[in-house]
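Colleague: Quick one, structure-v3.cif (mmCIF, C-alpha atoms):
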```cif
data_run
#
loop_
_atom_site.label_atom_id
_atom_site.label_comp_id
_atom_site.auth_asym_id
_atom_site.auth_seq_id
_atom_site.Cartn_x
_atom_site.Cartn_y
_atom_site.Cartn_z
CA MET A 1 13.66 5.68 -7.43
CA VAL A 2 9.90 5.41 -8.05
CA ARG A 3 7.00 6.28 -5.75
CA LYS A 4 3.39 5.13 -6.20
CA ARG A 5 0.33 5.52 -4.00
CA VAL A 6 -2.45 2.95 -4.36
CA ILE A 7 -6.01 2.84 -3.09
CA VAL A 8 -7.41 -0.70 -3.08
CA SER A 9 -11.19 -1.26 -2.96
CA GLY A 10 -13.17 -4.42 -2.30
CA THR A 11 -13.07 -6.90 0.55
CA VAL A 12 -9.66 -5.77 1.72
CA GLN A 13 -10.05 -5.16 5.46
CA GLY A 14 -10.10 -8.02 7.94
CA VAL A 15 -8.31 -10.35 5.50
CA PHE A 16 -4.66 -9.70 6.54
CA PHE A 17 -4.14 -7.35 3.57
CA ARG A 18 -1.93 -4.91 5.51
CA ASP A 19 0.31 -7.51 7.15
CA THR A 20 0.72 -9.48 3.92
CA CYS A 21 1.45 -6.24 2.05
CA ARG A 22 4.14 -5.37 4.60
CA ARG A 23 5.78 -8.78 4.21
CA GLU A 24 5.64 -8.61 0.40
CA ALA A 25 7.11 -5.10 0.38
CA LEU A 26 9.98 -6.11 2.66
CA ALA A 27 10.69 -9.13 0.44
CA GLN A 28 10.78 -6.83 -2.62
CA GLY A 29 12.97 -4.25 -0.86
CA VAL A 30 10.25 -1.59 -1.14
CA SER A 31 9.86 1.15 1.48
CA GLY A 32 6.64 2.84 2.51
CA TRP A 33 3.50 2.12 4.46
CA VAL A 34 -0.02 0.66 4.31
CA ARG A 35 -3.17 1.53 6.26
CA ASN A 36 -6.90 0.91 6.38
CA LEU A 37 -9.14 3.83 5.43
CA PRO A 38 -12.41 4.65 7.22
CA ASP A 39 -14.45 3.87 4.08
CA GLY A 40 -13.25 0.22 3.95
CA ASP A 41 -10.49 0.72 1.37
CA VAL A 42 -6.77 0.21 1.93
CA GLU A 43 -4.15 2.83 1.02
CA ALA A 44 -0.46 2.07 0.48
CA LEU A 45 2.61 4.04 -0.51
CA PHE A 46 5.39 2.14 -2.30
CA GLU A 47 8.84 3.62 -2.94
CA GLY A 48 11.92 1.96 -4.37
CA ASP A 49 13.33 0.41 -7.51
CA GLY A 50 10.91 0.66 -10.45
CA ASP A 51 10.61 -3.09 -10.97
CA ALA A 52 10.04 -3.74 -7.25
CA VAL A 53 7.37 -1.03 -7.01
CA ALA A 54 5.69 -2.41 -10.15
CA ALA A 55 5.66 -5.85 -8.49
CA MET A 56 3.92 -4.38 -5.44
CA VAL A 57 1.29 -2.67 -7.59
CA ARG A 58 0.66 -6.02 -9.35
CA TRP A 59 0.40 -7.73 -5.95
CA ALA A 60 -2.14 -5.11 -4.77
CA ARG A 61 -4.42 -6.05 -7.67
CA THR A 62 -5.04 -9.44 -6.02
CA GLY A 63 -3.82 -9.10 -2.43
CA PRO A 64 -3.77 -12.05 -0.04
CA ALA A 65 -5.86 -15.17 -0.67
CA ALA A 66 -8.84 -14.02 1.44
CA ALA A 67 -9.10 -10.60 -0.25
CA GLU A 68 -11.48 -9.76 -3.06
CA VAL A 69 -10.04 -6.76 -4.87
CA HIS A 70 -12.55 -4.85 -7.00
CA ALA A 71 -10.43 -1.85 -8.04
CA VAL A 72 -6.97 -0.37 -7.62
CA GLU A 73 -6.30 3.32 -8.16
CA VAL A 74 -2.62 4.04 -8.81
CA ARG A 75 -1.08 7.51 -8.62
CA GLU A 76 2.53 8.25 -9.48
CA GLU A 77 4.23 10.65 -7.09
CA THR A 78 7.60 12.32 -6.96
CA PRO A 79 9.77 10.68 -4.33
CA ALA A 80 9.74 13.02 -1.34
CA PRO A 81 12.86 14.35 0.34
CA GLU A 82 12.04 12.47 3.57
CA GLU A 83 13.60 9.07 3.62
CA LEU A 84 11.24 6.15 4.03
CA LEU A 85 12.97 3.38 5.94
CA GLY A 86 11.43 -0.05 5.88
CA PHE A 87 7.73 -0.68 5.48
CA GLU A 88 5.16 -0.14 8.20
CA VAL A 89 1.50 -0.69 8.93
CA ARG A 90 0.04 2.69 9.91
CA PRO A 91 -3.09 3.38 11.93
CA THR A 92 -6.36 4.23 10.23
CA PRO A 93 -6.66 8.00 9.83
CA ARG A 94 -9.51 9.72 11.65
CA ASP A 95 -12.48 10.45 9.44
CA ALA A 96 -12.46 14.20 8.79
CA GLY A 97 -16.27 14.30 8.49
#
```
What is this file in structure tokens?
Modeller:
Amino acid sequence: MVRKRVIVSGTVQGVFFRDTCRREALAQGVSGWVRNLPDGDVEALFEGDGDAVAAMVRWARTGPAAAEVHAVEVREETPAPEELLGFEVRPTPRDAG
């Protein structure tokens, strides 16, 4: 079991990034979530088989056809004890500022 968090920068909001990410993750059998961030980036958490998670990280480097990805920050995390079931689109977090 592998867990990676990615932050994707560029033209990634308003281009169906989250919905396409959800569909790709479900096709790969990856659990987790994706959400827009207030600064215009997209954040996603991928958890599952190492090869499937690696495929999702590769996908995030290009995203859907309308996206223009400039950078992807990838952080490895220890899989948490809570069980992630399926893959969901989460709401944008409130800006703490």
Colleague: Could you jot down the CA of Val15 in chain A to CA of Leu45 in chain A separation for me, Å, one decimal place?
Modeller: 19.0 Å
Colleague: So which residues touch Gly29 in chain A within 12 Å, counting only C-alpha atoms, skipping near sequence neighbours fewer than 6 positions away, as an NGL selection string?
Modeller: :A and (1 or 22-23 or 46-56 or 84-87)
Colleague: Work out how far apart CA of Val34 in chain A and CA of Val57 in chain A are and give it in Å to one decimal.
Modeller: 12.4 Å
Colleague: Looking at A:Ala80, A:Asp39, A:Pro93, A:Trp59, which one is nearest to Thr20 in chain A, with distances taken over all atoms listed in the file?
Modeller: A:Trp59
Colleague: Do you know which residues the PyMOL selection byres ((chain A and resi 60) around 12) returns on this file, as a VMD selection string?
Modeller: chain A and resid 4 to 10 12 17 to 18 20 to 22 24 to 25 34 41 to 46 53 to 59 61 to 65 67 to 74
Colleague: In Å, with one decimal, what is the gap from CA of Thr92 in chain A to CA of Asn36 in chain A?
Modeller: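 Result for CA of Thr92 in chain A versus CA of Asn36 in chain A: 5.1 Å, one decimal.
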Colleague: Name the residues in contact with Glu82 in chain A at a cut-off of 12 Å, using only C-alpha atoms, excluding same-chain residues fewer than 4 positions from it; report them as an mmCIF file with C-alpha atoms, in the coordinates of the input.
Modeller:
```
data_model
loop_
_atom_site.group_PDB
_atom_site.id
_atom_site.type_symbol
_atom_site.label_atom_id
_atom_site.label_comp_id
_atom_site.auth_asym_id
_atom_site.auth_seq_id
_atom_site.Cartn_x
_atom_site.Cartn_y
_atom_site.Cartn_z
ATOM 1 C CA SER A 31 9.860 1.150 1.480
ATOM 2 C CA GLY A 32 6.640 2.840 2.510
ATOM 3 C CA GLU A 47 8.840 3.620 -2.940
ATOM 4 C CA THR A 78 7.600 12.320 -6.960
#
```
Colleague: Considering all atoms listed in the file, state which residue in the set A:Thr11, A:Glu83, A:Val2, A:Arg94 is at the smallest distance from Gly40 in chain A.
Modeller: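 Checking each of A:Thr11, A:Glu83, A:Val2, A:Arg94 against Gly40 in chain A, counting all atoms listed in the file, the winner is A:Thr11.
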Colleague: If you take every atom of range 48-64 of chain A that the file lists and fit an axis-aligned box around them with 6 Å extra on each side, what centre and edge lengths come out in Å to one decimal, as JSON?
Modeller:
```
{"center_x": 4.1, "center_y": -5.0, "center_z": -5.5, "size_x": 30.4, "size_y": 26.0, "size_z": 22.9}
```
